[in-house]
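For reference, protein.cif (mmCIF, C-alpha atoms):
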```cif
data_coords
loop_
_atom_site.label_atom_id
_atom_site.label_comp_id
_atom_site.auth_asym_id
_atom_site.auth_seq_id
_atom_site.Cartn_x
_atom_site.Cartn_y
_atom_site.Cartn_z
CA MET Y 325 14.03 -5.22 22.12
CA GLY Y 326 15.51 -5.54 25.62
CA LEU Y 327 13.64 -6.55 28.77
CA ARG Y 328 13.05 -2.95 29.85
CA GLU Y 329 11.68 -1.98 26.45
CA ARG Y 330 9.42 -5.06 26.40
CA LYS Y 331 8.02 -4.18 29.82
CA LYS Y 332 7.35 -0.62 28.71
CA ALA Y 333 5.61 -1.86 25.58
CA GLN Y 334 3.49 -4.24 27.66
CA THR Y 335 2.51 -1.44 30.04
CA HIS Y 336 1.62 0.83 27.13
CA ALA Y 337 -0.55 -1.91 25.64
CA ALA Y 338 -2.20 -2.83 28.95
CA LEU Y 339 -3.09 0.78 29.76
CA SER Y 340 -4.41 1.47 26.28
CA TRP Y 341 -6.57 -1.65 26.16
CA ALA Y 342 -7.93 -0.91 29.65
CA ALA Y 343 -8.82 2.61 28.50
CA VAL Y 344 -10.59 1.27 25.41
CA ARG Y 345 -12.41 -1.51 27.24
CA LEU Y 346 -13.66 0.65 30.10
CA THR Y 347 -14.69 3.48 27.78
CA VAL Y 348 -16.67 1.13 25.55
CA GLU Y 349 -18.36 -0.43 28.56
CA ARG Y 350 -19.08 2.74 30.58
CA GLY Y 351 -18.77 5.76 28.29
CA PHE Y 352 -15.92 8.25 27.95
CA ASP Y 353 -17.05 10.65 30.68
CA LYS Y 354 -17.54 7.87 33.23
CA VAL Y 355 -14.00 6.55 33.11
CA LYS Y 356 -11.25 8.07 35.25
CA VAL Y 357 -7.51 7.72 34.98
CA GLU Y 358 -7.62 5.90 38.31
CA ASP Y 359 -10.02 3.33 36.83
CA ILE Y 360 -7.75 2.70 33.87
CA ALA Y 361 -4.66 2.36 36.06
CA GLU Y 362 -6.40 -0.07 38.39
CA ALA Y 363 -7.63 -2.21 35.49
CA ALA Y 364 -4.09 -2.37 34.11
CA GLY Y 365 -2.59 -3.17 37.52
CA VAL Y 366 -0.51 0.00 37.85
CA SER Y 367 -0.70 3.29 39.72
CA PRO Y 368 -2.26 6.51 38.39
CA ARG Y 369 1.24 7.98 38.49
CA THR Y 370 2.42 5.26 36.12
CA PHE Y 371 -0.47 6.08 33.79
CA ASN Y 372 0.66 9.72 33.74
CA ASN Y 373 4.19 8.61 32.92
CA TYR Y 374 2.89 6.95 29.75
CA PHE Y 375 -0.04 9.09 28.64
CA SER Y 376 -1.14 12.68 29.03
CA SER Y 377 -4.86 11.93 28.77
CA LYS Y 378 -7.53 9.24 28.42
CA ALA Y 379 -7.90 10.15 24.77
CA GLU Y 380 -4.22 9.60 24.10
CA ALA Y 381 -4.37 6.23 25.85
CA ILE Y 382 -7.34 5.14 23.74
CA ALA Y 383 -5.78 6.32 20.47
CA PHE Y 384 -2.52 4.56 21.29
CA ARG Y 385 -4.07 1.16 20.60
CA HIS Y 386 -4.85 2.16 17.02
CA LEU Y 387 -1.44 3.80 16.64
CA ASP Y 388 0.39 0.77 17.99
CA ARG Y 389 -1.41 -1.65 15.68
CA CYS Y 390 -0.72 0.55 12.65
CA LEU Y 391 2.95 0.93 13.57
CA ARG Y 392 3.13 -2.84 13.83
CA VAL Y 393 1.88 -3.01 10.24
CA ALA Y 394 5.01 -1.12 9.18
CA GLU Y 395 7.17 -3.33 11.39
CA ALA Y 396 5.64 -6.50 9.96
CA LEU Y 397 6.08 -5.15 6.44
CA ARG Y 398 9.81 -4.85 7.05
CA GLU Y 399 9.86 -8.47 8.23
CA ARG Y 400 8.42 -9.81 4.94
CA PRO Y 401 11.03 -8.73 2.36
CA GLY Y 402 10.64 -11.70 0.03
CA GLU Y 403 6.94 -11.28 -0.79
CA PRO Y 404 5.35 -9.09 -3.44
CA LEU Y 405 4.56 -5.73 -1.90
CA TRP Y 406 0.77 -5.98 -1.80
CA ASP Y 407 0.82 -9.56 -0.52
CA ALA Y 408 3.11 -8.39 2.27
CA ILE Y 409 0.90 -5.39 3.03
CA THR Y 410 -2.25 -7.51 3.18
CA GLY Y 411 -0.60 -10.10 5.43
CA SER Y 412 0.81 -7.41 7.70
CA VAL Y 413 -2.52 -5.62 8.06
CA LEU Y 414 -4.51 -8.79 8.69
CA ARG Y 415 -1.99 -9.91 11.30
CA GLN Y 416 -2.69 -6.78 13.34
CA PHE Y 417 -6.38 -6.12 12.76
CA ALA Y 418 -8.01 -9.48 12.10
CA THR Y 419 -6.68 -11.53 15.02
CA PRO Y 420 -7.05 -10.90 18.78
CA ASP Y 421 -3.94 -9.57 20.49
CA ALA Y 422 -2.57 -10.58 23.89
CA GLU Y 423 -4.43 -7.88 25.81
CA ALA Y 424 -7.80 -8.69 24.27
CA VAL Y 425 -7.28 -12.39 25.01
CA ALA Y 426 -6.20 -11.78 28.61
CA HIS Y 427 -8.95 -9.23 29.32
CA PRO Y 428 -11.81 -9.89 26.88
CA PRO Y 429 -14.47 -7.25 26.25
CA VAL Y 430 -18.11 -7.57 27.18
CA ALA Y 431 -19.65 -10.82 25.99
CA ASP Y 432 -22.53 -9.18 24.12
CA ALA Y 433 -21.13 -8.46 20.65
CA ALA Y 434 -23.90 -6.00 19.78
CA GLN Y 435 -23.32 -4.08 22.99
CA TRP Y 436 -19.57 -3.95 22.31
CA THR Y 437 -20.09 -2.76 18.74
CA GLU Y 438 -22.41 0.02 19.87
CA GLY Y 439 -19.97 1.04 22.59
CA VAL Y 440 -17.10 1.26 20.11
CA ARG Y 441 -19.28 3.29 17.76
CA VAL Y 442 -20.07 5.76 20.55
CA MET Y 443 -16.44 5.89 21.66
CA ILE Y 444 -14.96 6.79 18.28
CA ALA Y 445 -17.54 9.55 17.87
CA GLU Y 446 -16.31 11.20 21.07
CA PRO Y 447 -15.09 14.73 20.16
CA ALA Y 448 -12.27 14.58 22.72
CA LEU Y 449 -10.83 11.56 20.91
CA ARG Y 450 -10.89 12.78 17.33
CA GLY Y 451 -7.75 14.92 17.49
CA GLU Y 452 -5.71 12.12 19.05
CA MET Y 453 -6.93 9.63 16.45
CA LEU Y 454 -5.97 11.98 13.62
CA ARG Y 455 -2.52 12.47 15.11
CA ALA Y 456 -2.09 8.71 15.57
CA GLY Y 457 -3.14 8.10 11.97
CA ALA Y 458 -0.67 10.64 10.62
CA THR Y 459 2.18 9.14 12.65
CA ALA Y 460 1.37 5.62 11.49
CA GLU Y 461 0.98 6.68 7.87
CA ALA Y 462 4.45 8.25 7.88
CA GLU Y 463 5.99 5.04 9.24
CA ILE Y 464 4.20 2.84 6.70
CA ALA Y 465 5.40 5.16 3.93
CA ALA Y 466 8.97 4.76 5.18
CA ALA Y 467 8.63 0.97 5.16
CA VAL Y 468 7.24 1.01 1.62
CA ALA Y 469 10.06 3.26 0.43
CA GLU Y 470 12.62 0.86 1.89
CA ARG Y 471 11.03 -2.10 0.10
CA THR Y 472 10.69 -0.38 -3.28
CA GLY Y 473 13.97 1.50 -3.20
CA GLY Y 474 12.11 4.78 -3.41
CA ASP Y 475 13.07 8.18 -2.10
CA LEU Y 476 10.82 9.02 0.85
CA GLU Y 477 11.32 12.74 0.34
CA GLN Y 478 10.95 12.88 -3.45
CA ASP Y 479 8.71 9.97 -4.51
CA LEU Y 480 4.94 10.06 -4.38
CA TYR Y 481 4.41 6.29 -4.43
CA PRO Y 482 5.33 5.38 -0.80
CA HIS Y 483 3.06 8.10 0.56
CA LEU Y 484 0.24 7.16 -1.78
CA VAL Y 485 0.45 3.53 -0.68
CA ALA Y 486 0.56 4.45 3.01
CA SER Y 487 -2.42 6.75 2.65
CA ALA Y 488 -4.34 4.04 0.80
CA VAL Y 489 -3.50 1.43 3.44
CA MET Y 490 -4.65 3.68 6.28
CA GLY Y 491 -7.76 4.56 4.29
CA ALA Y 492 -8.54 0.86 3.82
CA VAL Y 493 -8.09 0.16 7.52
CA ASN Y 494 -10.26 3.08 8.61
CA THR Y 495 -12.96 2.37 6.04
CA ALA Y 496 -13.11 -1.35 6.81
CA ILE Y 497 -13.43 -0.72 10.55
CA ALA Y 498 -16.09 1.97 10.01
CA HIS Y 499 -18.07 -0.33 7.71
CA HIS Y 500 -17.77 -3.20 10.19
CA LEU Y 501 -19.27 -0.98 12.90
CA ARG Y 502 -21.86 0.58 10.61
CA THR Y 503 -23.23 -2.83 9.61
CA ASP Y 504 -23.37 -4.08 13.22
CA ALA Y 505 -20.34 -6.31 12.63
CA ALA Y 506 -22.24 -8.43 10.11
CA VAL Y 507 -19.15 -8.79 7.92
CA PRO Y 508 -15.84 -9.73 9.61
CA VAL Y 509 -13.09 -7.10 9.59
CA SER Y 510 -10.72 -9.60 7.99
CA ARG Y 511 -12.96 -10.01 4.94
CA LEU Y 512 -13.47 -6.26 4.59
CA LEU Y 513 -9.74 -5.57 4.86
CA THR Y 514 -8.85 -8.27 2.35
CA ASP Y 515 -11.41 -6.94 -0.12
CA ALA Y 516 -10.40 -3.30 0.35
CA LEU Y 517 -6.69 -3.97 -0.06
CA ALA Y 518 -7.25 -6.20 -3.10
CA ARG Y 519 -9.22 -3.44 -4.80
CA ILE Y 520 -6.49 -0.90 -4.05
CA ALA Y 521 -3.69 -3.24 -5.17
CA ALA Y 522 -5.45 -3.82 -8.49
CA GLY Y 523 -5.08 -0.17 -9.37
CA LEU Y 524 -1.89 0.71 -7.50
CA SER Y 525 0.66 -1.79 -8.74
CA THR Y 526 4.25 -1.87 -7.53
CA PRO Y 527 6.58 0.31 -9.64
#
```
Structure encoded using structure tokens:
Amino acid sequence: MGLRERKKAQTHAALSWAAVRLTVERGFDKVKVEDIAEAAGVSPRTFNNYFSSKAEAIAFRHLDRCLRVAEALRERPGEPLWDAITGSVLRQFATPDAEAVAHPPVADAAQWTEGVRVMIAEPALRGEMLRAGATAEAEIAAAVAERTGGDLEQDLYPHLVASAVMGAVNTAIAHHLRTDAAVPVSRLLTDALARIAAGLSTP
């Protein structure tokens, strides 16, 4: 990735995290594009160059992390498939990323959890999240097909694995929020993926 592409990726990430953080803290209807742009250190015009709506900006964070799962999977060719999948997922979802470290969320964990719960229930966000999930699932399926030597168009296995991985991610996050974050996401993801791997062995 060249310097220009890195800067674009950083701007995407900064805008998306700002959209998530402000929405969790204030509520979806109380956040404007101008607020998001200011928090990310760019102009509203720059925001509009990257995203068409607040909902798209929020969903991008989930999309980006899931796409990075596929990218990480391609970078671990020597491992057994399910070990590589688990490592790739945990790398993206169980450790803080640069944006979260640089601009941490509200200190009250219970308040943050409740805010995230309210945010993901926002009707305006659901369509974007479904679209992001479908895009990510297709990319994970492609990465699995490359690793297993499968035919992405003809073979069921890569798509089944990708669907299962996205299901594990979504279910683990939902359970984490439902139980007031009592169980860490990393433990839930590890458990979910181990259960899937036990019944979905590599061909």
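The residues returned by the PyMOL selection byres ((chain Y and resi 443-450) around 7) on the shown structure are Thr347, Val348, Phe352, Ala379, Gly439, Val440, Arg441, Val442, Gly451, Glu452, Met453 and Leu454 of chain Y.
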* Name the residues that the PyMOL selection byres ((chain Y and resi 358) around 12) pulls out of this structure, and write them as number ranges by chain. => Y: 339, 342-343, 346, 354-357, 359-372, 377-378
* For each of Y:Ala456, Y:Val468, Y:Ala418, Y:Val493, take the minimum atom-to-atom distance to Ser510 in chain Y, counting all atoms listed in the file, then give the residue where this is smallest. => Y:Ala418
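Put simply, CA of Arg415 in chain Y is 17.6 Å away from CA of Ala488 in chain Y.
The nearest approach to Glu463 in chain Y among the residues Y:Ala408, Y:Ala381, Y:Ala505, Y:Leu391, with all atoms listed in the file taken into account, belongs to Y:Leu391.
Residue membership of the PyMOL selection byres ((chain Y and resi 400) around 12) in the shown file amounts to Val393, Ala394, Glu395, Ala396, Leu397, Arg398, Glu399, Pro401, Gly402, Glu403, Pro404, Leu405, Trp406, Asp407, Ala408, Ile409, Thr410, Gly411, Ser412, Ala467, Val468, Glu470 and Arg471 of chain Y.
Here the question is which of Y:Glu438, Y:Cys390, Y:Gly457, Y:Val507 gets nearest to Phe417 in chain Y using all atoms listed in the file, and that residue is Y:Cys390.
Across the model, the gap from CA of Pro482 in chain Y to CA of Ala469 in chain Y is 5.3 Å.
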* Structure fact -> Across Y:Ala424, Y:Ala466, Y:Ala338, Y:Val413, the smallest distance to Ile382 in chain Y, with all atoms listed in the file counted, is shown by Y:Ala338
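When CA of Glu423 in chain Y is paired with CA of Glu349 in chain Y, their separation reads 16.0 Å.
Counting all atoms listed in the file and comparing Y:Tyr374, Y:Ala434, Y:Trp341, Y:Gln334, the residue that lies closest to Ala506 in chain Y is Y:Ala434.
Remark: for Leu501 in chain Y, the closest of the candidate residues Y:Val344, Y:Ala518, Y:Ala433, Y:Leu327 is Y:Ala433 (distances computed over only C-alpha atoms).
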* Asked: Could you name the residues that touch range 519-525 of chain Y at 9 Å or less, counting only C-alpha atoms, but leaving out those on the same chain fewer than 4 positions away, as an MDAnalysis selection string?
  -> chainID Y and resid 405:406 481 484:485 488:489 492 514:515
Which centre and edge lengths in Å to one decimal define the box along x, y and z that fits every listed atom of range 458-472 of chain Y plus 6 Å per side, as lines of an AutoDock Vina configuration file?
```
center_x = 6.0
center_y = 4.3
center_z = 4.7
size_x = 25.3
size_y = 24.7
size_z = 27.9
```
Where atoms are absent from range 391-402 of chain Y, fill them in so it carries N, CA, C and O atoms, then output it as a tab-separated table (two decimals), in the frame of the given file.
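Dumped everything to rebuild.tsv:
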```tsv
chain	number	residue	atom	x	y	z
Y	391	LEU	N	1.49	0.95	13.60
Y	391	LEU	CA	2.95	0.93	13.57
Y	391	LEU	C	3.47	-0.49	13.41
Y	391	LEU	O	4.49	-0.73	12.76
Y	392	ARG	N	2.75	-1.45	13.98
Y	392	ARG	CA	3.13	-2.84	13.83
Y	392	ARG	C	2.94	-3.33	12.39
Y	392	ARG	O	3.61	-4.27	11.96
Y	393	VAL	N	2.03	-2.70	11.67
Y	393	VAL	CA	1.88	-3.01	10.24
Y	393	VAL	C	3.19	-2.69	9.52
Y	393	VAL	O	3.70	-3.49	8.73
Y	394	ALA	N	3.74	-1.51	9.80
Y	394	ALA	CA	5.01	-1.12	9.18
Y	394	ALA	C	6.13	-2.05	9.60
Y	394	ALA	O	6.97	-2.47	8.78
Y	395	GLU	N	6.14	-2.42	10.89
Y	395	GLU	CA	7.17	-3.33	11.39
Y	395	GLU	C	7.06	-4.69	10.71
Y	395	GLU	O	8.07	-5.28	10.28
Y	396	ALA	N	5.83	-5.20	10.60
Y	396	ALA	CA	5.64	-6.50	9.96
Y	396	ALA	C	6.01	-6.45	8.48
Y	396	ALA	O	6.52	-7.42	7.92
Y	397	LEU	N	5.75	-5.32	7.85
Y	397	LEU	CA	6.08	-5.15	6.44
Y	397	LEU	C	7.58	-5.27	6.22
Y	397	LEU	O	8.05	-5.86	5.23
Y	398	ARG	N	8.35	-4.76	7.15
Y	398	ARG	CA	9.81	-4.85	7.05
Y	398	ARG	C	10.30	-6.28	7.28
Y	398	ARG	O	11.40	-6.63	6.87
Y	399	GLU	N	9.47	-7.09	7.92
Y	399	GLU	CA	9.86	-8.47	8.23
Y	399	GLU	C	9.47	-9.45	7.11
Y	399	GLU	O	9.70	-10.65	7.25
Y	400	ARG	N	8.86	-8.93	6.04
Y	400	ARG	CA	8.42	-9.81	4.94
Y	400	ARG	C	9.04	-9.35	3.62
Y	400	ARG	O	8.33	-9.04	2.66
Y	401	PRO	N	10.37	-9.32	3.54
Y	401	PRO	CA	11.03	-8.73	2.36
Y	401	PRO	C	10.89	-9.57	1.09
Y	401	PRO	O	11.03	-9.04	0.00
Y	402	GLY	N	10.64	-10.85	1.22
Y	402	GLY	CA	10.64	-11.70	0.03
Y	402	GLY	C	9.32	-11.76	-0.72
Y	402	GLY	O	9.26	-12.31	-1.82
```
